[in-house]
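*Asks:* This is model26.tsv, which holds TSV, C-alpha atoms:
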```tsv
chain	number	residue	atom	x	y	z
A	1	PRO	CA	38.43	232.43	-148.11
A	2	GLU	CA	35.64	231.13	-145.85
A	3	THR	CA	34.38	228.87	-148.63
A	4	VAL	CA	37.57	226.78	-148.58
A	5	GLU	CA	36.97	223.30	-147.21
A	6	ALA	CA	40.38	221.70	-147.82
A	7	CYS	CA	44.04	222.62	-148.16
A	8	LEU	CA	46.29	220.41	-150.30
A	9	PHE	CA	50.02	220.61	-149.66
A	10	ASP	CA	53.14	219.47	-151.49
A	11	LEU	CA	55.08	217.30	-149.05
A	12	ASP	CA	58.53	218.16	-150.42
A	13	GLY	CA	59.41	221.84	-150.34
A	14	VAL	CA	56.18	223.07	-148.73
A	15	LEU	CA	55.72	220.97	-145.59
A	16	THR	CA	59.22	219.54	-145.14
A	17	ASP	CA	62.82	219.81	-146.33
A	18	SER	CA	62.59	216.28	-147.76
A	19	ASN	CA	63.28	217.56	-151.29
A	20	ALA	CA	66.93	217.87	-150.21
A	21	PHE	CA	66.88	214.21	-149.14
A	22	HIS	CA	65.47	213.15	-152.50
A	23	ALA	CA	68.01	215.22	-154.43
A	24	ARG	CA	70.90	213.77	-152.41
A	25	ALA	CA	69.65	210.22	-152.99
A	26	TRP	CA	69.33	210.80	-156.74
A	27	ALA	CA	72.89	212.14	-156.86
A	28	GLU	CA	74.06	208.90	-155.21
A	29	VAL	CA	72.27	207.00	-157.98
A	30	PHE	CA	73.19	208.99	-161.07
A	31	ASP	CA	76.74	210.21	-160.43
A	32	PRO	CA	78.35	206.73	-160.39
A	33	LEU	CA	76.46	205.81	-163.57
A	34	LEU	CA	77.46	209.04	-165.33
A	35	LEU	CA	81.07	208.63	-164.26
A	36	SER	CA	81.15	205.01	-165.45
A	37	LEU	CA	79.66	205.97	-168.82
A	38	SER	CA	82.16	208.81	-169.24
A	39	GLU	CA	85.06	206.42	-168.58
A	40	ARG	CA	83.72	203.85	-171.05
A	41	THR	CA	82.73	206.23	-173.83
A	42	GLY	CA	85.00	209.23	-173.41
A	43	TRP	CA	82.05	211.55	-172.71
A	44	HIS	CA	82.72	214.57	-170.52
A	45	PHE	CA	81.53	213.82	-166.98
A	46	ILE	CA	78.84	216.27	-165.89
A	47	PRO	CA	77.55	215.36	-162.42
A	48	PHE	CA	73.90	215.36	-161.44
A	49	ASP	CA	72.83	218.87	-160.41
A	50	ARG	CA	70.91	218.55	-157.13
A	51	ASP	CA	69.03	221.76	-157.75
A	52	ARG	CA	68.46	222.20	-161.49
A	53	ASP	CA	68.31	218.53	-162.58
A	54	TYR	CA	66.23	217.47	-159.59
A	55	ARG	CA	63.66	220.20	-160.04
A	56	THR	CA	63.45	219.85	-163.82
A	57	TYR	CA	63.31	216.08	-164.24
A	58	LEU	CA	62.50	214.43	-160.90
A	59	ASP	CA	60.52	216.64	-158.54
A	60	GLY	CA	56.89	215.50	-158.51
A	61	ARG	CA	57.48	212.45	-160.69
A	62	ALA	CA	57.23	208.78	-159.77
A	63	ARG	CA	60.69	207.19	-159.39
A	64	LEU	CA	60.75	205.18	-162.61
A	65	GLU	CA	59.32	208.05	-164.65
A	66	GLY	CA	61.97	210.33	-163.18
A	67	VAL	CA	64.75	207.90	-164.11
A	68	HIS	CA	63.66	207.93	-167.74
A	69	ALA	CA	63.20	211.72	-167.82
A	70	PHE	CA	66.67	212.45	-166.46
A	71	LEU	CA	68.46	209.85	-168.58
A	72	ALA	CA	66.72	211.14	-171.71
A	73	SER	CA	67.98	214.64	-170.88
A	74	ARG	CA	71.53	213.26	-171.11
A	75	GLY	CA	70.86	211.17	-174.22
A	76	ILE	CA	71.13	207.91	-172.28
A	77	ARG	CA	68.93	204.87	-172.79
A	78	LEU	CA	68.93	201.87	-170.48
A	79	ALA	CA	66.96	198.65	-170.57
A	80	GLU	CA	63.75	198.87	-168.56
A	81	GLY	CA	64.52	195.78	-166.51
A	82	ARG	CA	62.08	194.24	-164.03
A	83	PRO	CA	60.70	195.44	-160.67
A	84	GLU	CA	62.67	192.69	-158.91
A	85	ASP	CA	66.03	193.88	-160.34
A	86	ASP	CA	68.79	194.34	-157.74
A	87	ALA	CA	70.02	197.83	-156.95
A	88	ASP	CA	73.30	197.15	-158.78
A	89	ALA	CA	71.56	196.27	-162.06
A	90	GLU	CA	72.23	198.80	-164.82
A	91	THR	CA	68.56	199.05	-165.75
A	92	ALA	CA	65.93	201.70	-165.13
A	93	GLN	CA	64.30	199.45	-162.53
A	94	GLY	CA	67.68	198.86	-160.88
A	95	LEU	CA	68.30	202.62	-160.62
A	96	ALA	CA	64.83	203.15	-159.15
A	97	ARG	CA	65.54	200.51	-156.49
A	98	ARG	CA	68.94	202.09	-155.80
A	99	LYS	CA	67.28	205.44	-155.22
A	100	ARG	CA	64.79	203.95	-152.78
A	101	GLU	CA	67.60	202.36	-150.79
A	102	ALA	CA	69.66	205.57	-150.81
A	103	LEU	CA	66.67	207.56	-149.54
A	104	GLU	CA	66.00	205.05	-146.78
A	105	ARG	CA	69.62	205.33	-145.62
A	106	SER	CA	69.41	209.10	-145.65
A	107	LEU	CA	66.19	209.12	-143.62
A	108	HIS	CA	67.79	206.91	-140.99
A	109	GLU	CA	70.88	209.13	-140.76
A	110	ARG	CA	69.10	212.48	-140.37
A	111	ASP	CA	65.61	213.62	-139.41
A	112	VAL	CA	63.35	215.36	-141.89
A	113	THR	CA	62.44	218.83	-140.62
A	114	PRO	CA	59.10	220.65	-141.04
A	115	LEU	CA	59.56	224.02	-142.75
A	116	THR	CA	58.82	227.38	-141.14
A	117	GLY	CA	55.26	227.75	-139.90
A	118	VAL	CA	54.11	224.35	-141.12
A	119	ARG	CA	53.14	222.75	-137.82
A	120	ARG	CA	51.24	225.80	-136.62
A	121	TYR	CA	49.47	226.25	-139.97
A	122	LEU	CA	48.31	222.62	-140.00
A	123	GLU	CA	47.13	222.89	-136.39
A	124	VAL	CA	45.16	226.06	-137.08
A	125	ALA	CA	43.61	224.63	-140.26
A	126	GLY	CA	42.48	221.58	-138.31
A	127	HIS	CA	40.94	223.69	-135.54
A	128	ALA	CA	39.12	225.71	-138.21
A	129	GLY	CA	37.57	222.52	-139.60
A	130	VAL	CA	39.54	222.68	-142.85
A	131	ARG	CA	40.60	219.27	-144.14
A	132	ARG	CA	44.28	218.76	-144.85
A	133	GLY	CA	45.70	216.61	-147.64
A	134	VAL	CA	49.25	215.92	-148.82
A	135	VAL	CA	50.39	215.09	-152.34
A	136	SER	CA	53.71	213.50	-153.17
A	137	ALA	CA	55.14	211.21	-155.83
A	138	SER	CA	57.35	209.59	-153.19
A	139	ALA	CA	56.81	206.02	-152.00
A	140	SER	CA	58.22	207.17	-148.63
A	141	THR	CA	55.48	209.73	-147.94
A	142	GLN	CA	54.10	208.01	-144.85
A	143	GLU	CA	57.58	207.56	-143.38
A	144	ILE	CA	58.57	211.18	-144.07
A	145	LEU	CA	55.39	212.49	-142.42
A	146	ALA	CA	56.03	210.28	-139.40
A	147	VAL	CA	59.70	211.27	-139.06
A	148	ALA	CA	58.73	214.96	-139.31
A	149	GLN	CA	55.97	214.31	-136.73
A	150	LEU	CA	53.31	215.69	-139.07
A	151	ASP	CA	51.36	212.47	-139.62
A	152	GLY	CA	48.84	213.38	-136.91
A	153	LEU	CA	48.19	216.77	-138.52
A	154	VAL	CA	47.02	215.62	-141.96
A	155	ASP	CA	43.84	213.79	-142.89
A	156	THR	CA	45.01	211.87	-145.94
A	157	TYR	CA	47.63	211.76	-148.67
A	158	VAL	CA	48.19	210.57	-152.22
A	159	ASP	CA	51.63	209.06	-152.82
A	160	ALA	CA	53.49	206.88	-155.31
A	161	ASP	CA	51.59	203.75	-154.29
A	162	ALA	CA	48.24	205.47	-154.85
A	163	MET	CA	49.46	206.83	-158.18
A	164	ARG	CA	50.37	203.33	-159.30
A	165	LEU	CA	47.17	201.66	-158.06
A	166	GLU	CA	44.87	204.35	-159.46
A	167	GLN	CA	47.01	204.86	-162.59
A	168	LEU	CA	47.33	208.58	-161.87
A	169	ARG	CA	49.55	210.68	-164.10
A	170	SER	CA	52.29	212.81	-162.56
A	171	LEU	CA	52.13	216.60	-162.40
A	172	PRO	CA	51.36	218.75	-164.32
A	173	ALA	CA	48.41	216.44	-165.02
A	174	PRO	CA	45.59	217.17	-162.51
A	175	ASP	CA	45.05	213.50	-161.58
A	176	VAL	CA	46.61	213.51	-158.10
A	177	LEU	CA	44.76	216.66	-157.08
A	178	ILE	CA	41.41	215.34	-158.27
A	179	SER	CA	42.10	212.05	-156.47
A	180	ILE	CA	42.88	213.67	-153.12
A	181	CYS	CA	39.84	215.94	-153.37
A	182	ARG	CA	37.77	212.79	-153.85
A	183	ARG	CA	39.38	211.20	-150.78
A	184	LEU	CA	38.64	214.30	-148.71
A	185	GLY	CA	35.08	214.52	-149.99
A	186	VAL	CA	35.39	218.05	-151.36
A	187	ALA	CA	34.83	219.58	-154.77
A	188	PRO	CA	38.01	220.91	-156.44
A	189	GLU	CA	36.61	224.44	-156.46
A	190	ASP	CA	36.39	224.31	-152.65
A	191	ALA	CA	40.08	223.45	-152.16
A	192	VAL	CA	43.38	225.33	-152.34
A	193	VAL	CA	46.73	223.88	-153.42
A	194	PHE	CA	49.96	225.01	-151.73
A	195	THR	CA	52.86	224.18	-154.04
A	196	HIS	CA	56.50	225.09	-154.64
A	197	ASN	CA	56.48	223.52	-158.09
A	198	PRO	CA	55.44	225.19	-161.38
A	199	ALA	CA	53.99	221.82	-162.42
A	200	GLY	CA	51.80	221.99	-159.30
A	201	VAL	CA	50.52	225.41	-160.36
A	202	ALA	CA	49.64	224.04	-163.81
A	203	ALA	CA	47.95	220.98	-162.28
A	204	ALA	CA	45.85	223.18	-159.99
A	205	ALA	CA	44.69	225.27	-162.95
A	206	ALA	CA	43.77	222.12	-164.89
A	207	ALA	CA	41.83	220.71	-161.92
A	208	GLY	CA	40.01	223.97	-161.20
A	209	LEU	CA	41.62	224.63	-157.80
A	210	ASP	CA	42.91	227.87	-156.36
A	211	VAL	CA	46.65	227.88	-155.76
A	212	VAL	CA	49.14	229.52	-153.41
A	213	GLY	CA	52.78	229.33	-154.44
A	214	ILE	CA	55.49	228.84	-151.82
A	215	GLY	CA	58.80	230.39	-152.82
A	216	GLU	CA	60.88	233.54	-152.89
A	217	GLY	CA	63.35	235.29	-155.15
A	218	ALA	CA	63.66	233.61	-158.54
A	219	ASP	CA	61.21	230.90	-157.43
A	220	GLU	CA	58.58	233.52	-156.65
A	221	ALA	CA	58.89	235.00	-160.13
A	222	LEU	CA	58.73	231.53	-161.69
A	223	LEU	CA	55.57	230.57	-159.81
A	224	HIS	CA	53.93	233.88	-160.74
A	225	GLY	CA	54.93	233.25	-164.34
A	226	PHE	CA	53.13	229.92	-164.35
A	227	GLY	CA	49.93	231.53	-163.07
A	228	ALA	CA	50.07	231.61	-159.26
A	229	ALA	CA	48.39	234.88	-158.27
A	230	THR	CA	49.59	234.55	-154.67
A	231	VAL	CA	53.16	233.54	-153.76
A	232	VAL	CA	54.54	233.68	-150.21
A	233	PRO	CA	57.91	232.61	-148.74
A	234	SER	CA	56.34	230.35	-146.10
A	235	LEU	CA	53.03	229.33	-144.57
A	236	THR	CA	53.76	231.57	-141.57
A	237	VAL	CA	53.03	234.66	-143.68
A	238	LEU	CA	49.45	233.48	-144.13
A	239	LEU	CA	48.75	233.23	-140.39
A	240	ASP	CA	47.36	235.97	-138.21
A	241	ARG	CA	50.28	237.39	-136.23
A	242	ARG	CA	48.64	236.23	-132.99
A	243	LEU	CA	48.84	232.61	-134.23
A	244	ARG	CA	52.51	232.56	-135.26
A	245	GLY	CA	54.05	231.48	-131.93
```
Would you mind writing the structure in this file as structure tokens?
*Replies:*
Amino acid sequence: PETVEACLFDLDGVLTDSNAFHARAWAEVFDPLLLSLSERTGWHFIPFDRDRDYRTYLDGRARLEGVHAFLASRGIRLAEGRPEDDADAETAQGLARRKREALERSLHERDVTPLTGVRRYLEVAGHAGVRRGVVSASASTQEILAVAQLDGLVDTYVDADAMRLEQLRSLPAPDVLISICRRLGVAPEDAVVFTHNPAGVAAAAAAGLDVVGIGEGADEALLHGFGAATVVPSLTVLLDRRLRG
């Protein structure tokens, strides 16, 4: 709509394929721990599911919060530890550090790729005078945007560091969306959220923003079920055909 002044995008799963990088890094963290626990306790080893477990317990959450959420789902409790814990420490803080290091290795081995239509959509939004914000719970947001060569096409972002400094709650709380609207200087009712995550749909509703879901198949049905009136497979669908080159 012509009244929209800002578009807010999920980084992972809407702008880039970085959600696959995160899921792979979490598997590197959790699988050795789960295997070790199964050997010590006799529990059946069930590996980390890069799709279901990642989306349910980790997508959109700060690292440490995600560690606790996933471990709780398996009935596992670890000592909290300290932020300075080494990556080999069997503490929640140690696992969080291990994930950061695994993600950094992955980002150096393979480039993050913008998803279909993303670059053109961001370019067109900028030419139309619409401000562009990115939301992510990742501490690597700036690096991912740079590697994907999208950093020059967004105006601001809210990431894990901002969440910690401003004490923002993770999705589905509306905190990150309200914060980025404030940074962009727009009222929530004048912005639209583009999200692949049901928690993002719920957060948009709580913040009073319109929402466009990005997904297809079962994901489309899920996003509709959480309240997204509009769901499309990619940003390209939303562009005039003459602008899709």
*Asks:* Residues at most 12 Å from segment 151-168 of chain A, counting all atoms listed in the file, excluding those fewer than 5 positions away in the same chain, as a PyMOL selection string?
*Replies:* chain A and resi 6-12+15-16+60-65+100+114+118-127+129-146+173-185
*Asks:* Go ahead and save the picked residues with C-alpha atoms, as a CSV table (one decimal), in the coordinates of the input.
*Replies:*
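Resulting contents of selection_6.csv:
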```
chain,number,residue,atom,x,y,z
A,6,ALA,CA,40.4,221.7,-147.8
A,7,CYS,CA,44.0,222.6,-148.2
A,8,LEU,CA,46.3,220.4,-150.3
A,9,PHE,CA,50.0,220.6,-149.7
A,10,ASP,CA,53.1,219.5,-151.5
A,11,LEU,CA,55.1,217.3,-149.0
A,12,ASP,CA,58.5,218.2,-150.4
A,15,LEU,CA,55.7,221.0,-145.6
A,16,THR,CA,59.2,219.5,-145.1
A,60,GLY,CA,56.9,215.5,-158.5
A,61,ARG,CA,57.5,212.4,-160.7
A,62,ALA,CA,57.2,208.8,-159.8
A,63,ARG,CA,60.7,207.2,-159.4
A,64,LEU,CA,60.8,205.2,-162.6
A,65,GLU,CA,59.3,208.0,-164.6
A,100,ARG,CA,64.8,204.0,-152.8
A,114,PRO,CA,59.1,220.6,-141.0
A,118,VAL,CA,54.1,224.4,-141.1
A,119,ARG,CA,53.1,222.8,-137.8
A,120,ARG,CA,51.2,225.8,-136.6
A,121,TYR,CA,49.5,226.2,-140.0
A,122,LEU,CA,48.3,222.6,-140.0
A,123,GLU,CA,47.1,222.9,-136.4
A,124,VAL,CA,45.2,226.1,-137.1
A,125,ALA,CA,43.6,224.6,-140.3
A,126,GLY,CA,42.5,221.6,-138.3
A,127,HIS,CA,40.9,223.7,-135.5
A,129,GLY,CA,37.6,222.5,-139.6
A,130,VAL,CA,39.5,222.7,-142.8
A,131,ARG,CA,40.6,219.3,-144.1
A,132,ARG,CA,44.3,218.8,-144.8
A,133,GLY,CA,45.7,216.6,-147.6
A,134,VAL,CA,49.2,215.9,-148.8
A,135,VAL,CA,50.4,215.1,-152.3
A,136,SER,CA,53.7,213.5,-153.2
A,137,ALA,CA,55.1,211.2,-155.8
A,138,SER,CA,57.4,209.6,-153.2
A,139,ALA,CA,56.8,206.0,-152.0
A,140,SER,CA,58.2,207.2,-148.6
A,141,THR,CA,55.5,209.7,-147.9
A,142,GLN,CA,54.1,208.0,-144.8
A,143,GLU,CA,57.6,207.6,-143.4
A,144,ILE,CA,58.6,211.2,-144.1
A,145,LEU,CA,55.4,212.5,-142.4
A,146,ALA,CA,56.0,210.3,-139.4
A,173,ALA,CA,48.4,216.4,-165.0
A,174,PRO,CA,45.6,217.2,-162.5
A,175,ASP,CA,45.0,213.5,-161.6
A,176,VAL,CA,46.6,213.5,-158.1
A,177,LEU,CA,44.8,216.7,-157.1
A,178,ILE,CA,41.4,215.3,-158.3
A,179,SER,CA,42.1,212.0,-156.5
A,180,ILE,CA,42.9,213.7,-153.1
A,181,CYS,CA,39.8,215.9,-153.4
A,182,ARG,CA,37.8,212.8,-153.8
A,183,ARG,CA,39.4,211.2,-150.8
A,184,LEU,CA,38.6,214.3,-148.7
A,185,GLY,CA,35.1,214.5,-150.0
```
*Asks:* What is the distance between atom CA of Trp43 of chain A and atom CA of Asp31 of chain A, in Å to one decimal?
*Replies:* 13.4 Å
*Asks:* Hey, what's within 8 Å of segment 72-84 of chain A if we count only C-alpha atoms and toss same-chain stuff fewer than 4 positions away? As a ChimeraX atom specification, please?
*Replies:* /A:68,90-94
*Asks:* Mind giving me the straight-line distance from atom CA of Ser18 of chain A to atom CA of Leu235 of chain A in Å, one decimal?
*Replies:*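 We find that atom CA of Ser18 of chain A and atom CA of Leu235 of chain A lie 16.5 Å from each other.
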*Asks:* Rounded to one decimal in Å, what is the spacing between atom CA of Ala206 of chain A and atom CA of Leu150 of chain A?
*Replies:*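 So the two atoms, atom CA of Ala206 of chain A and atom CA of Leu150 of chain A, lie 28.3 Å apart.
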*Asks:* Of the candidates A:Asn19, A:Val201, A:His224, A:Pro1, which shows the shortest atom-to-atom distance to Leu115 of chain A, using all atoms listed in the file?
*Replies:* A:Asn19
*Asks:* Could you list, as a VMD selection string, every residue within 7 Å of Val14 of chain A, counting all atoms listed in the file and ignoring same-chain residues fewer than 6 positions away?
*Replies:* chain A and resid 115 195 to 196 214
*Asks:* Is it possible to get the residues within 9 Å of (78.2, 214.0, -167.3) (coordinates as in the file, counting only C-alpha atoms) written as a list in words?
*Replies:* Asp31, Leu34, Leu35, Leu37, Ser38, Trp43, His44, Phe45, Ile46, Pro47, Phe48 and Arg74 of chain A
*Asks:* Can you tell me, as a PDB file with C-alpha atoms, keeping the file's coordinate frame, what residues are no more than 7 Å from segment 188-190 of chain A when counting all atoms listed in the file, ignoring any on the same chain fewer than 2 positions away?
*Replies:*
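Output (selection.pdb):
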```
ATOM      1  CA  THR A   3      34.380 228.870-148.630  1.00  0.00           C
ATOM      2  CA  VAL A   4      37.570 226.780-148.580  1.00  0.00           C
ATOM      3  CA  GLU A   5      36.970 223.300-147.210  1.00  0.00           C
ATOM      4  CA  ALA A   6      40.380 221.700-147.820  1.00  0.00           C
ATOM      5  CA  ILE A 178      41.410 215.340-158.270  1.00  0.00           C
ATOM      6  CA  CYS A 181      39.840 215.940-153.370  1.00  0.00           C
ATOM      7  CA  VAL A 186      35.390 218.050-151.360  1.00  0.00           C
ATOM      8  CA  ALA A 207      41.830 220.710-161.920  1.00  0.00           C
ATOM      9  CA  GLY A 208      40.010 223.970-161.200  1.00  0.00           C
ATOM     10  CA  LEU A 209      41.620 224.630-157.800  1.00  0.00           C
TER      11      LEU A 209
END
```
*Asks:* Leaving out segment 226-228 of chain A and any residue of its chain fewer than 4 positions from it, which residues lie within 9 Å of it when counting all atoms listed in the file, given as JSON, numbers by chain?
*Replies:* {"A": [198, 199, 201, 202, 205, 210, 211, 212, 213, 221, 222]}
*Asks:* Determine the nearest neighbour of Asp111 of chain A from the options A:Ala148, A:Leu171, A:Ala87, A:Ala203, counting all atoms listed in the file.
*Replies:*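 Looking only at the distances to Asp111 of chain A, the closest residue turns out to be A:Ala148.
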*Asks:* From the set A:Val67, A:Leu223, A:Ala204, A:Ala229, which residue has the shortest atom-to-atom contact distance to Ala96 of chain A, counting only C-alpha atoms?
*Replies:*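 Answer, going by the shortest atom-to-atom distance: A:Val67.
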